Amino acid sequence: MSDLNLSSTPTPTSPAPTTSGSSELTELRGQIQTLRIALLVVAICLAGFFYLEARRSGNALTLLRQQVAQVDEANKSVEPAVNRFIGQLAEFTKTHPDFGAVLGKYVGRPAGAPAAAPAIAPAPAAAKPAAAPAPVKK
Amino acid sequence: MKNNGLDKILHWTLLAIVLLTAVFAFQWFNRSREVRSLQTKVVEFQNRQAMLQNLVNECLEYSKRNPAIDSILEANNVKPKATPTMKPAK
């Protein structure tokens, strides 16, 4: 009897999981589709951003290349004159050691110049007050 | 079937866009690096110009105290050559 009862007991939940599983599957598919579309939108935005940045950098690069070419050209034409001028100033320093301090600020200590130029007359812009104590030299 | 087709389209579109993004990002990276390098070069040149200008200014300042440097400055067109004062012709 009990067996009969058990076997004849209707299983109301047996068809339900199929329907529910199917609907969940459909829902999941919908969500995946939505996520994919969202991912696509994000990827398009990112690609657009990189495209604009690459184009902007390309424009800047074109301008800079021209500028650097001009700079190189100017540098090549001026360089010998500058070197000659500095060489002459270095020669001048040999006979006028007080100029060594001026030149030393820009091109390092020129050959023949004393290590510490004594009695440097300060430039007007960098003039110190008269009351300032003289640095002690060893 | 219809869904499957849409899936495929989405999938391939996404793949293509990801590839495009990678290409653009690579271009951007390379170009930005080159821009920085060139900018450094330009700034170095500008610094050198400023340094030379300061040197010239200090030389001119020094020439006020010691005119012996004038010959060098004049030879390099840093200082205009002193024109000898000519006596008016009678």
# chains A, B, ... in the order shown; residues from 1 in each chain; ligands from 1
>>> select_by_dssp(residues="chain B", states="helix (DSSP H, G or I)", output="ChimeraX atom specification")
/B:2-65,67-75
>>> write_last_selection(atoms="C-alpha atoms", output="JSON list (two decimals), in the first residue's frame")
[["chain", "number", "residue", "atom", "x", "y", "z"],
["B", 2, "LYS", "CA", 19.45, 33.73, -35.52],
["B", 3, "ASN", "CA", 20.93, 34.19, -32.09],
["B", 4, "ASN", "CA", 23.94, 32.19, -33.09],
["B", 5, "GLY", "CA", 24.52, 34.45, -36.07],
["B", 6, "LEU", "CA", 24.31, 37.55, -33.90],
["B", 7, "ASP", "CA", 26.73, 35.95, -31.46],
["B", 8, "LYS", "CA", 29.20, 35.36, -34.23],
["B", 9, "ILE", "CA", 28.91, 38.89, -35.51],
["B", 10, "LEU", "CA", 29.41, 40.28, -32.02],
["B", 11, "HIS", "CA", 32.32, 37.97, -31.43],
["B", 12, "TRP", "CA", 34.19, 38.91, -34.59],
["B", 13, "THR", "CA", 33.45, 42.60, -34.22],
["B", 14, "LEU", "CA", 34.80, 42.51, -30.70],
["B", 15, "LEU", "CA", 37.91, 40.70, -31.86],
["B", 16, "ALA", "CA", 38.50, 43.20, -34.66],
["B", 17, "ILE", "CA", 38.07, 46.15, -32.33],
["B", 18, "VAL", "CA", 40.41, 44.66, -29.75],
["B", 19, "LEU", "CA", 43.02, 44.22, -32.47],
["B", 20, "LEU", "CA", 42.51, 47.79, -33.64],
["B", 21, "THR", "CA", 42.86, 49.01, -30.07],
["B", 22, "ALA", "CA", 46.14, 47.17, -29.74],
["B", 23, "VAL", "CA", 47.44, 48.67, -32.98],
["B", 24, "PHE", "CA", 46.44, 52.21, -31.99],
["B", 25, "ALA", "CA", 47.86, 51.79, -28.50],
["B", 26, "PHE", "CA", 51.16, 50.60, -29.95],
["B", 27, "GLN", "CA", 51.28, 53.55, -32.35],
["B", 28, "TRP", "CA", 50.46, 55.96, -29.56],
["B", 29, "PHE", "CA", 53.15, 54.50, -27.32],
["B", 30, "ASN", "CA", 55.85, 54.68, -29.99],
["B", 31, "ARG", "CA", 54.93, 58.16, -31.15],
["B", 32, "SER", "CA", 54.75, 59.51, -27.61],
["B", 33, "ARG", "CA", 58.17, 58.10, -26.88],
["B", 34, "GLU", "CA", 59.60, 59.74, -29.98],
["B", 35, "VAL", "CA", 57.90, 63.03, -29.15],
["B", 36, "ARG", "CA", 59.45, 62.99, -25.69],
["B", 37, "SER", "CA", 62.86, 62.25, -27.15],
["B", 38, "LEU", "CA", 62.61, 65.09, -29.66],
["B", 39, "GLN", "CA", 61.31, 67.48, -27.02],
["B", 40, "THR", "CA", 64.35, 66.68, -24.90],
["B", 41, "LYS", "CA", 66.57, 67.50, -27.86],
["B", 42, "VAL", "CA", 64.85, 70.83, -28.44],
["B", 43, "VAL", "CA", 65.03, 71.74, -24.76],
["B", 44, "GLU", "CA", 68.74, 70.89, -24.70],
["B", 45, "PHE", "CA", 69.31, 73.19, -27.65],
["B", 46, "GLN", "CA", 67.30, 75.96, -25.99],
["B", 47, "ASN", "CA", 69.29, 75.55, -22.79],
["B", 48, "ARG", "CA", 72.51, 75.76, -24.75],
["B", 49, "GLN", "CA", 71.29, 78.90, -26.49],
["B", 50, "ALA", "CA", 70.41, 80.45, -23.14],
["B", 51, "MET", "CA", 73.79, 79.48, -21.74],
["B", 52, "LEU", "CA", 75.58, 81.06, -24.69],
["B", 53, "GLN", "CA", 73.49, 84.20, -24.38],
["B", 54, "ASN", "CA", 74.40, 84.46, -20.70],
["B", 55, "LEU", "CA", 78.07, 83.96, -21.54],
["B", 56, "VAL", "CA", 77.89, 86.70, -24.15],
["B", 57, "ASN", "CA", 76.17, 89.02, -21.67],
["B", 58, "GLU", "CA", 78.82, 88.36, -19.06],
["B", 59, "CYS", "CA", 81.55, 88.92, -21.64],
["B", 60, "LEU", "CA", 80.00, 92.25, -22.55],
["B", 61, "GLU", "CA", 79.80, 93.12, -18.88],
["B", 62, "TYR", "CA", 83.42, 92.11, -18.43],
["B", 63, "SER", "CA", 84.45, 94.19, -21.43],
["B", 64, "LYS", "CA", 83.26, 97.29, -19.58],
["B", 65, "ARG", "CA", 85.87, 96.61, -16.92],
["B", 67, "PRO", "CA", 88.43, 96.28, -22.80],
["B", 68, "ALA", "CA", 91.17, 93.81, -23.68],
["B", 69, "ILE", "CA", 88.44, 91.28, -24.45],
["B", 70, "ASP", "CA", 86.91, 93.58, -27.03],
["B", 71, "SER", "CA", 89.03, 92.21, -29.85],
["B", 72, "ILE", "CA", 87.60, 88.74, -29.31],
["B", 73, "LEU", "CA", 84.06, 90.03, -29.00],
["B", 74, "GLU", "CA", 84.37, 92.14, -32.10],
["B", 75, "ALA", "CA", 85.96, 89.35, -34.10]]
>>> residues_around(residues="Ile86 (chain A)", least_positions_apart="2", cutoff="12 Å", atoms="only C-alpha atoms", output="MDAnalysis selection string")
(chainID A and resid 79:84 88:93 100 102:104 106:111) or (chainID B and resid 52 55:56 59 72:73 76)
>>> write_last_selection(atoms="N, CA and C atoms", output="PDB file, in the first residue's frame")
ATOM      1  N   GLU A  79      77.793  75.915 -34.598  1.00  0.00           N
ATOM      2  CA  GLU A  79      78.715  75.182 -33.718  1.00  0.00           C
ATOM      3  C   GLU A  79      80.189  75.573 -33.907  1.00  0.00           C
ATOM      4  N   PRO A  80      80.695  75.619 -35.148  1.00  0.00           N
ATOM      5  CA  PRO A  80      82.116  75.971 -35.302  1.00  0.00           C
ATOM      6  C   PRO A  80      82.431  77.360 -34.766  1.00  0.00           C
ATOM      7  N   ALA A  81      81.527  78.302 -35.022  1.00  0.00           N
ATOM      8  CA  ALA A  81      81.763  79.669 -34.542  1.00  0.00           C
ATOM      9  C   ALA A  81      81.758  79.709 -33.024  1.00  0.00           C
ATOM     10  N   VAL A  82      80.842  78.967 -32.429  1.00  0.00           N
ATOM     11  CA  VAL A  82      80.767  78.936 -30.954  1.00  0.00           C
ATOM     12  C   VAL A  82      82.035  78.320 -30.385  1.00  0.00           C
ATOM     13  N   ASN A  83      82.467  77.218 -30.981  1.00  0.00           N
ATOM     14  CA  ASN A  83      83.681  76.562 -30.481  1.00  0.00           C
ATOM     15  C   ASN A  83      84.895  77.487 -30.619  1.00  0.00           C
ATOM     16  N   ARG A  84      84.937  78.206 -31.747  1.00  0.00           N
ATOM     17  CA  ARG A  84      86.065  79.115 -31.954  1.00  0.00           C
ATOM     18  C   ARG A  84      86.029  80.232 -30.901  1.00  0.00           C
ATOM     19  N   GLN A  88      88.804  81.016 -28.119  1.00  0.00           N
ATOM     20  CA  GLN A  88      89.469  82.313 -27.981  1.00  0.00           C
ATOM     21  C   GLN A  88      89.329  82.838 -26.550  1.00  0.00           C
ATOM     22  N   LEU A  89      88.149  82.613 -25.970  1.00  0.00           N
ATOM     23  CA  LEU A  89      87.958  83.056 -24.580  1.00  0.00           C
ATOM     24  C   LEU A  89      88.879  82.276 -23.644  1.00  0.00           C
ATOM     25  N   ALA A  90      89.044  80.987 -23.939  1.00  0.00           N
ATOM     26  CA  ALA A  90      89.945  80.171 -23.111  1.00  0.00           C
ATOM     27  C   ALA A  90      91.385  80.677 -23.237  1.00  0.00           C
ATOM     28  N   GLU A  91      91.746  81.065 -24.454  1.00  0.00           N
ATOM     29  CA  GLU A  91      93.085  81.639 -24.648  1.00  0.00           C
ATOM     30  C   GLU A  91      93.222  82.952 -23.869  1.00  0.00           C
ATOM     31  N   PHE A  92      92.157  83.711 -23.920  1.00  0.00           N
ATOM     32  CA  PHE A  92      92.149  85.000 -23.223  1.00  0.00           C
ATOM     33  C   PHE A  92      92.304  84.795 -21.714  1.00  0.00           C
ATOM     34  N   THR A  93      91.731  83.712 -21.224  1.00  0.00           N
ATOM     35  CA  THR A  93      91.798  83.432 -19.787  1.00  0.00           C
ATOM     36  C   THR A  93      93.243  83.208 -19.333  1.00  0.00           C
ATOM     37  N   GLY A 100      88.639  83.766 -15.896  1.00  0.00           N
ATOM     38  CA  GLY A 100      88.425  82.313 -15.754  1.00  0.00           C
ATOM     39  C   GLY A 100      87.157  81.973 -14.981  1.00  0.00           C
ATOM     40  N   VAL A 102      84.409  83.686 -14.926  1.00  0.00           N
ATOM     41  CA  VAL A 102      83.248  83.915 -15.800  1.00  0.00           C
ATOM     42  C   VAL A 102      83.090  82.747 -16.759  1.00  0.00           C
ATOM     43  N   LEU A 103      84.197  82.403 -17.398  1.00  0.00           N
ATOM     44  CA  LEU A 103      84.124  81.329 -18.394  1.00  0.00           C
ATOM     45  C   LEU A 103      83.857  79.972 -17.727  1.00  0.00           C
ATOM     46  N   GLY A 104      84.425  79.827 -16.541  1.00  0.00           N
ATOM     47  CA  GLY A 104      84.269  78.548 -15.827  1.00  0.00           C
ATOM     48  C   GLY A 104      82.828  78.228 -15.492  1.00  0.00           C
ATOM     49  N   TYR A 106      80.384  78.532 -17.409  1.00  0.00           N
ATOM     50  CA  TYR A 106      79.647  78.056 -18.587  1.00  0.00           C
ATOM     51  C   TYR A 106      80.297  76.870 -19.274  1.00  0.00           C
ATOM     52  N   VAL A 107      81.623  76.867 -19.333  1.00  0.00           N
ATOM     53  CA  VAL A 107      82.256  75.783 -20.087  1.00  0.00           C
ATOM     54  C   VAL A 107      83.227  74.974 -19.233  1.00  0.00           C
ATOM     55  N   GLY A 108      83.071  75.052 -17.937  1.00  0.00           N
ATOM     56  CA  GLY A 108      84.006  74.335 -17.092  1.00  0.00           C
ATOM     57  C   GLY A 108      85.307  75.097 -17.026  1.00  0.00           C
ATOM     58  N   ARG A 109      86.238  74.560 -16.265  1.00  0.00           N
ATOM     59  CA  ARG A 109      87.496  75.293 -16.089  1.00  0.00           C
ATOM     60  C   ARG A 109      88.324  75.182 -17.356  1.00  0.00           C
ATOM     61  N   PRO A 110      88.585  76.291 -18.022  1.00  0.00           N
ATOM     62  CA  PRO A 110      89.384  76.222 -19.235  1.00  0.00           C
ATOM     63  C   PRO A 110      90.825  75.850 -18.929  1.00  0.00           C
ATOM     64  N   ALA A 111      91.475  75.288 -19.917  1.00  0.00           N
ATOM     65  CA  ALA A 111      92.859  74.876 -19.735  1.00  0.00           C
ATOM     66  C   ALA A 111      93.731  76.087 -19.455  1.00  0.00           C
TER      67      ALA A 111
ATOM     68  N   LEU B  52      74.707  80.237 -23.844  1.00  0.00           N
ATOM     69  CA  LEU B  52      75.585  81.057 -24.687  1.00  0.00           C
ATOM     70  C   LEU B  52      75.232  82.536 -24.562  1.00  0.00           C
ATOM     71  N   LEU B  55      76.618  83.793 -21.425  1.00  0.00           N
ATOM     72  CA  LEU B  55      78.069  83.957 -21.544  1.00  0.00           C
ATOM     73  C   LEU B  55      78.395  85.247 -22.286  1.00  0.00           C
ATOM     74  N   VAL B  56      77.664  85.484 -23.372  1.00  0.00           N
ATOM     75  CA  VAL B  56      77.889  86.703 -24.150  1.00  0.00           C
ATOM     76  C   VAL B  56      77.602  87.931 -23.290  1.00  0.00           C
ATOM     77  N   CYS B  59      80.363  88.421 -20.932  1.00  0.00           N
ATOM     78  CA  CYS B  59      81.546  88.916 -21.641  1.00  0.00           C
ATOM     79  C   CYS B  59      81.417  90.413 -21.900  1.00  0.00           C
ATOM     80  N   ILE B  72      88.256  90.052 -29.110  1.00  0.00           N
ATOM     81  CA  ILE B  72      87.599  88.739 -29.305  1.00  0.00           C
ATOM     82  C   ILE B  72      86.113  88.945 -29.587  1.00  0.00           C
ATOM     83  N   LEU B  73      85.501  89.806 -28.830  1.00  0.00           N
ATOM     84  CA  LEU B  73      84.056  90.031 -28.998  1.00  0.00           C
ATOM     85  C   LEU B  73      83.754  90.626 -30.369  1.00  0.00           C
ATOM     86  N   ASN B  76      84.073  88.113 -33.208  1.00  0.00           N
ATOM     87  CA  ASN B  76      82.973  87.147 -33.275  1.00  0.00           C
ATOM     88  C   ASN B  76      81.613  87.818 -33.414  1.00  0.00           C
TER      89      ASN B  76
END
>>> interface_residues(of="chain A", to="chain B", cutoff="8 Å", atoms="only C-alpha atoms", output="PyMOL selection string")
chain A and resi 33+36-37+39-40+43-44+46-48+50-51+53-55+57-58+60-61+64-65+67-68+71+81+85+88-89+92+99+102-103+106+123
>>> write_last_selection(atoms="N, CA and C atoms", output="mmCIF file, in the first residue's frame")
data_model
loop_
_atom_site.group_PDB
_atom_site.id
_atom_site.type_symbol
_atom_site.label_atom_id
_atom_site.label_comp_id
_atom_site.auth_asym_id
_atom_site.auth_seq_id
_atom_site.Cartn_x
_atom_site.Cartn_y
_atom_site.Cartn_z
ATOM 1 N N GLN A 33 24.557 38.355 -23.756
ATOM 2 C CA GLN A 33 24.435 39.216 -24.934
ATOM 3 C C GLN A 33 24.587 40.689 -24.544
ATOM 4 N N ARG A 36 28.122 41.383 -23.678
ATOM 5 C CA ARG A 36 28.947 41.441 -24.892
ATOM 6 C C ARG A 36 28.802 42.783 -25.587
ATOM 7 N N ILE A 37 27.561 43.235 -25.645
ATOM 8 C CA ILE A 37 27.328 44.531 -26.301
ATOM 9 C C ILE A 37 28.002 45.641 -25.496
ATOM 10 N N LEU A 39 30.612 45.311 -23.614
ATOM 11 C CA LEU A 39 32.055 45.164 -23.850
ATOM 12 C C LEU A 39 32.446 45.752 -25.194
ATOM 13 N N LEU A 40 31.586 45.538 -26.166
ATOM 14 C CA LEU A 40 31.846 46.080 -27.503
ATOM 15 C C LEU A 40 31.877 47.602 -27.460
ATOM 16 N N ALA A 43 35.045 48.685 -25.778
ATOM 17 C CA ALA A 43 36.193 48.465 -26.674
ATOM 18 C C ALA A 43 36.228 49.523 -27.767
ATOM 19 N N ILE A 44 35.039 49.886 -28.279
ATOM 20 C CA ILE A 44 34.997 50.925 -29.319
ATOM 21 C C ILE A 44 35.481 52.258 -28.749
ATOM 22 N N LEU A 46 37.530 52.703 -26.241
ATOM 23 C CA LEU A 46 38.970 52.603 -26.004
ATOM 24 C C LEU A 46 39.743 52.728 -27.310
ATOM 25 N N ALA A 47 39.240 52.064 -28.336
ATOM 26 C CA ALA A 47 39.909 52.145 -29.642
ATOM 27 C C ALA A 47 39.873 53.576 -30.157
ATOM 28 N N GLY A 48 38.735 54.241 -29.963
ATOM 29 C CA GLY A 48 38.620 55.638 -30.398
ATOM 30 C C GLY A 48 39.592 56.528 -29.658
ATOM 31 N N PHE A 50 42.464 55.661 -28.231
ATOM 32 C CA PHE A 50 43.830 55.403 -28.687
ATOM 33 C C PHE A 50 44.066 55.957 -30.083
ATOM 34 N N TYR A 51 43.029 55.874 -30.926
ATOM 35 C CA TYR A 51 43.167 56.405 -32.280
ATOM 36 C C TYR A 51 43.409 57.911 -32.234
ATOM 37 N N GLU A 53 44.526 59.704 -29.722
ATOM 38 C CA GLU A 53 45.820 59.998 -29.111
ATOM 39 C C GLU A 53 46.967 59.737 -30.087
ATOM 40 N N ALA A 54 46.853 58.645 -30.832
ATOM 41 C CA ALA A 54 47.899 58.318 -31.809
ATOM 42 C C ALA A 54 47.955 59.394 -32.882
ATOM 43 N N ARG A 55 46.789 59.876 -33.300
ATOM 44 C CA ARG A 55 46.769 60.911 -34.328
ATOM 45 C C ARG A 55 47.349 62.220 -33.803
ATOM 46 N N SER A 57 49.511 62.533 -31.368
ATOM 47 C CA SER A 57 50.964 62.353 -31.241
ATOM 48 C C SER A 57 51.639 62.425 -32.606
ATOM 49 N N GLY A 58 50.956 61.893 -33.614
ATOM 50 C CA GLY A 58 51.514 61.941 -34.963
ATOM 51 C C GLY A 58 51.659 63.369 -35.452
ATOM 52 N N ALA A 60 51.920 66.050 -33.516
ATOM 53 C CA ALA A 60 52.985 66.678 -32.729
ATOM 54 C C ALA A 60 54.352 66.232 -33.222
ATOM 55 N N LEU A 61 54.430 64.985 -33.604
ATOM 56 C CA LEU A 61 55.698 64.426 -34.077
ATOM 57 C C LEU A 61 56.123 65.089 -35.383
ATOM 58 N N LEU A 64 57.381 68.511 -34.512
ATOM 59 C CA LEU A 64 58.654 68.448 -33.781
ATOM 60 C C LEU A 64 59.798 68.032 -34.690
ATOM 61 N N ARG A 65 59.510 67.122 -35.626
ATOM 62 C CA ARG A 65 60.573 66.696 -36.550
ATOM 63 C C ARG A 65 61.081 67.881 -37.366
ATOM 64 N N GLN A 67 60.898 71.003 -36.458
ATOM 65 C CA GLN A 67 61.594 71.895 -35.534
ATOM 66 C C GLN A 67 63.008 71.380 -35.250
ATOM 67 N N VAL A 68 63.123 70.084 -35.029
ATOM 68 C CA VAL A 68 64.428 69.497 -34.723
ATOM 69 C C VAL A 68 65.347 69.584 -35.937
ATOM 70 N N VAL A 71 66.590 73.028 -35.914
ATOM 71 C CA VAL A 71 67.532 73.189 -34.804
ATOM 72 C C VAL A 71 68.873 72.565 -35.155
ATOM 73 N N ALA A 81 81.527 78.302 -35.022
ATOM 74 C CA ALA A 81 81.763 79.669 -34.542
ATOM 75 C C ALA A 81 81.758 79.709 -33.024
ATOM 76 N N PHE A 85 84.839 80.751 -30.675
ATOM 77 C CA PHE A 85 84.675 81.829 -29.695
ATOM 78 C C PHE A 85 85.099 81.358 -28.304
ATOM 79 N N GLN A 88 88.804 81.016 -28.119
ATOM 80 C CA GLN A 88 89.469 82.313 -27.981
ATOM 81 C C GLN A 88 89.329 82.838 -26.550
ATOM 82 N N LEU A 89 88.149 82.613 -25.970
ATOM 83 C CA LEU A 89 87.958 83.056 -24.580
ATOM 84 C C LEU A 89 88.879 82.276 -23.644
ATOM 85 N N PHE A 92 92.157 83.711 -23.920
ATOM 86 C CA PHE A 92 92.149 85.000 -23.223
ATOM 87 C C PHE A 92 92.304 84.795 -21.714
ATOM 88 N N PHE A 99 89.173 86.359 -15.698
ATOM 89 C CA PHE A 99 88.052 85.993 -16.579
ATOM 90 C C PHE A 99 87.714 84.499 -16.464
ATOM 91 N N VAL A 102 84.409 83.686 -14.926
ATOM 92 C CA VAL A 102 83.248 83.915 -15.800
ATOM 93 C C VAL A 102 83.090 82.747 -16.759
ATOM 94 N N LEU A 103 84.197 82.403 -17.398
ATOM 95 C CA LEU A 103 84.124 81.329 -18.394
ATOM 96 C C LEU A 103 83.857 79.972 -17.727
ATOM 97 N N TYR A 106 80.384 78.532 -17.409
ATOM 98 C CA TYR A 106 79.647 78.056 -18.587
ATOM 99 C C TYR A 106 80.297 76.870 -19.274
ATOM 100 N N ALA A 123 79.976 90.247 -10.969
ATOM 101 C CA ALA A 123 79.137 90.894 -11.973
ATOM 102 C C ALA A 123 78.120 91.759 -11.254
#
>>> atom_distance(atom1="CA of Ala38 (chain A)", atom2="CA of Thr19 (chain A)")
28.4 Å
>>> atom_distance(atom1="CA of His96 (chain A)", atom2="CA of Val78 (chain A)")
26.2 Å
>>> atom_distance(atom1="CA of Lys79 (chain B)", atom2="CA of Glu73 (chain A)")
24.5 Å
>>> decode(residues="region 62-72 of chain A", atoms="all heavy atoms", output="PDB file, in the first residue's frame")
ATOM      1  N   THR A  62      55.162  65.316 -36.259  1.00  0.00           N
ATOM      2  CA  THR A  62      55.485  65.970 -37.535  1.00  0.00           C
ATOM      3  C   THR A  62      56.057  67.370 -37.293  1.00  0.00           C
ATOM      4  O   THR A  62      57.078  67.746 -37.863  1.00  0.00           O
ATOM      5  CB  THR A  62      54.211  66.073 -38.399  1.00  0.00           C
ATOM      6  OG1 THR A  62      53.587  64.800 -38.424  1.00  0.00           O
ATOM      7  CG2 THR A  62      54.532  66.504 -39.801  1.00  0.00           C
ATOM      8  N   LEU A  63      55.381  68.107 -36.404  1.00  0.00           N
ATOM      9  CA  LEU A  63      55.853  69.461 -36.100  1.00  0.00           C
ATOM     10  C   LEU A  63      57.233  69.427 -35.448  1.00  0.00           C
ATOM     11  O   LEU A  63      58.125  70.193 -35.804  1.00  0.00           O
ATOM     12  CB  LEU A  63      54.861  70.158 -35.164  1.00  0.00           C
ATOM     13  CG  LEU A  63      53.551  70.608 -35.790  1.00  0.00           C
ATOM     14  CD1 LEU A  63      52.632  71.199 -34.735  1.00  0.00           C
ATOM     15  CD2 LEU A  63      53.825  71.658 -36.859  1.00  0.00           C
ATOM     16  N   LEU A  64      57.381  68.511 -34.512  1.00  0.00           N
ATOM     17  CA  LEU A  64      58.654  68.448 -33.781  1.00  0.00           C
ATOM     18  C   LEU A  64      59.798  68.032 -34.690  1.00  0.00           C
ATOM     19  O   LEU A  64      60.920  68.510 -34.531  1.00  0.00           O
ATOM     20  CB  LEU A  64      58.536  67.449 -32.633  1.00  0.00           C
ATOM     21  CG  LEU A  64      58.216  68.052 -31.277  1.00  0.00           C
ATOM     22  CD1 LEU A  64      58.040  66.967 -30.249  1.00  0.00           C
ATOM     23  CD2 LEU A  64      59.318  68.986 -30.818  1.00  0.00           C
ATOM     24  N   ARG A  65      59.510  67.122 -35.626  1.00  0.00           N
ATOM     25  CA  ARG A  65      60.573  66.696 -36.550  1.00  0.00           C
ATOM     26  C   ARG A  65      61.081  67.881 -37.366  1.00  0.00           C
ATOM     27  O   ARG A  65      62.279  68.036 -37.567  1.00  0.00           O
ATOM     28  CB  ARG A  65      60.045  65.602 -37.474  1.00  0.00           C
ATOM     29  CG  ARG A  65      60.161  64.226 -36.850  1.00  0.00           C
ATOM     30  CD  ARG A  65      59.751  63.161 -37.822  1.00  0.00           C
ATOM     31  NE  ARG A  65      59.730  61.850 -37.177  1.00  0.00           N
ATOM     32  CZ  ARG A  65      58.876  60.902 -37.460  1.00  0.00           C
ATOM     33  NH1 ARG A  65      57.953  61.111 -38.360  1.00  0.00           N
ATOM     34  NH2 ARG A  65      58.928  59.736 -36.851  1.00  0.00           N
ATOM     35  N   GLN A  66      60.137  68.712 -37.816  1.00  0.00           N
ATOM     36  CA  GLN A  66      60.544  69.905 -38.571  1.00  0.00           C
ATOM     37  C   GLN A  66      61.381  70.831 -37.697  1.00  0.00           C
ATOM     38  O   GLN A  66      62.429  71.334 -38.104  1.00  0.00           O
ATOM     39  CB  GLN A  66      59.307  70.657 -39.067  1.00  0.00           C
ATOM     40  CG  GLN A  66      58.562  69.921 -40.174  1.00  0.00           C
ATOM     41  CD  GLN A  66      57.228  70.561 -40.482  1.00  0.00           C
ATOM     42  OE1 GLN A  66      56.845  71.529 -39.844  1.00  0.00           O
ATOM     43  NE2 GLN A  66      56.502  70.021 -41.441  1.00  0.00           N
ATOM     44  N   GLN A  67      60.898  71.003 -36.458  1.00  0.00           N
ATOM     45  CA  GLN A  67      61.594  71.895 -35.534  1.00  0.00           C
ATOM     46  C   GLN A  67      63.008  71.380 -35.250  1.00  0.00           C
ATOM     47  O   GLN A  67      63.970  72.144 -35.247  1.00  0.00           O
ATOM     48  CB  GLN A  67      60.796  71.964 -34.229  1.00  0.00           C
ATOM     49  CG  GLN A  67      61.094  73.187 -33.411  1.00  0.00           C
ATOM     50  CD  GLN A  67      60.221  73.255 -32.166  1.00  0.00           C
ATOM     51  OE1 GLN A  67      59.239  72.527 -32.054  1.00  0.00           O
ATOM     52  NE2 GLN A  67      60.570  74.111 -31.237  1.00  0.00           N
ATOM     53  N   VAL A  68      63.123  70.084 -35.029  1.00  0.00           N
ATOM     54  CA  VAL A  68      64.428  69.497 -34.723  1.00  0.00           C
ATOM     55  C   VAL A  68      65.347  69.584 -35.937  1.00  0.00           C
ATOM     56  O   VAL A  68      66.552  69.818 -35.788  1.00  0.00           O
ATOM     57  CB  VAL A  68      64.256  68.040 -34.234  1.00  0.00           C
ATOM     58  CG1 VAL A  68      65.572  67.305 -34.220  1.00  0.00           C
ATOM     59  CG2 VAL A  68      63.660  68.029 -32.844  1.00  0.00           C
ATOM     60  N   ALA A  69      64.778  69.435 -37.130  1.00  0.00           N
ATOM     61  CA  ALA A  69      65.603  69.566 -38.334  1.00  0.00           C
ATOM     62  C   ALA A  69      66.169  70.982 -38.427  1.00  0.00           C
ATOM     63  O   ALA A  69      67.350  71.173 -38.730  1.00  0.00           O
ATOM     64  CB  ALA A  69      64.770  69.241 -39.564  1.00  0.00           C
ATOM     65  N   GLN A  70      65.308  71.967 -38.134  1.00  0.00           N
ATOM     66  CA  GLN A  70      65.786  73.354 -38.148  1.00  0.00           C
ATOM     67  C   GLN A  70      66.852  73.582 -37.082  1.00  0.00           C
ATOM     68  O   GLN A  70      67.870  74.236 -37.320  1.00  0.00           O
ATOM     69  CB  GLN A  70      64.614  74.312 -37.907  1.00  0.00           C
ATOM     70  CG  GLN A  70      63.676  74.410 -39.096  1.00  0.00           C
ATOM     71  CD  GLN A  70      62.418  75.203 -38.762  1.00  0.00           C
ATOM     72  OE1 GLN A  70      62.233  75.617 -37.631  1.00  0.00           O
ATOM     73  NE2 GLN A  70      61.556  75.394 -39.734  1.00  0.00           N
ATOM     74  N   VAL A  71      66.590  73.028 -35.914  1.00  0.00           N
ATOM     75  CA  VAL A  71      67.532  73.189 -34.804  1.00  0.00           C
ATOM     76  C   VAL A  71      68.873  72.565 -35.155  1.00  0.00           C
ATOM     77  O   VAL A  71      69.934  73.149 -34.912  1.00  0.00           O
ATOM     78  CB  VAL A  71      66.933  72.543 -33.525  1.00  0.00           C
ATOM     79  CG1 VAL A  71      68.009  72.247 -32.510  1.00  0.00           C
ATOM     80  CG2 VAL A  71      65.892  73.454 -32.918  1.00  0.00           C
ATOM     81  N   ASP A  72      68.823  71.381 -35.751  1.00  0.00           N
ATOM     82  CA  ASP A  72      70.060  70.696 -36.137  1.00  0.00           C
ATOM     83  C   ASP A  72      70.820  71.519 -37.174  1.00  0.00           C
ATOM     84  O   ASP A  72      72.047  71.643 -37.107  1.00  0.00           O
ATOM     85  CB  ASP A  72      69.744  69.312 -36.692  1.00  0.00           C
ATOM     86  CG  ASP A  72      69.616  68.287 -35.578  1.00  0.00           C
ATOM     87  OD1 ASP A  72      70.092  68.583 -34.456  1.00  0.00           O
ATOM     88  OD2 ASP A  72      69.057  67.210 -35.809  1.00  0.00           O
TER      89      ASP A  72
END
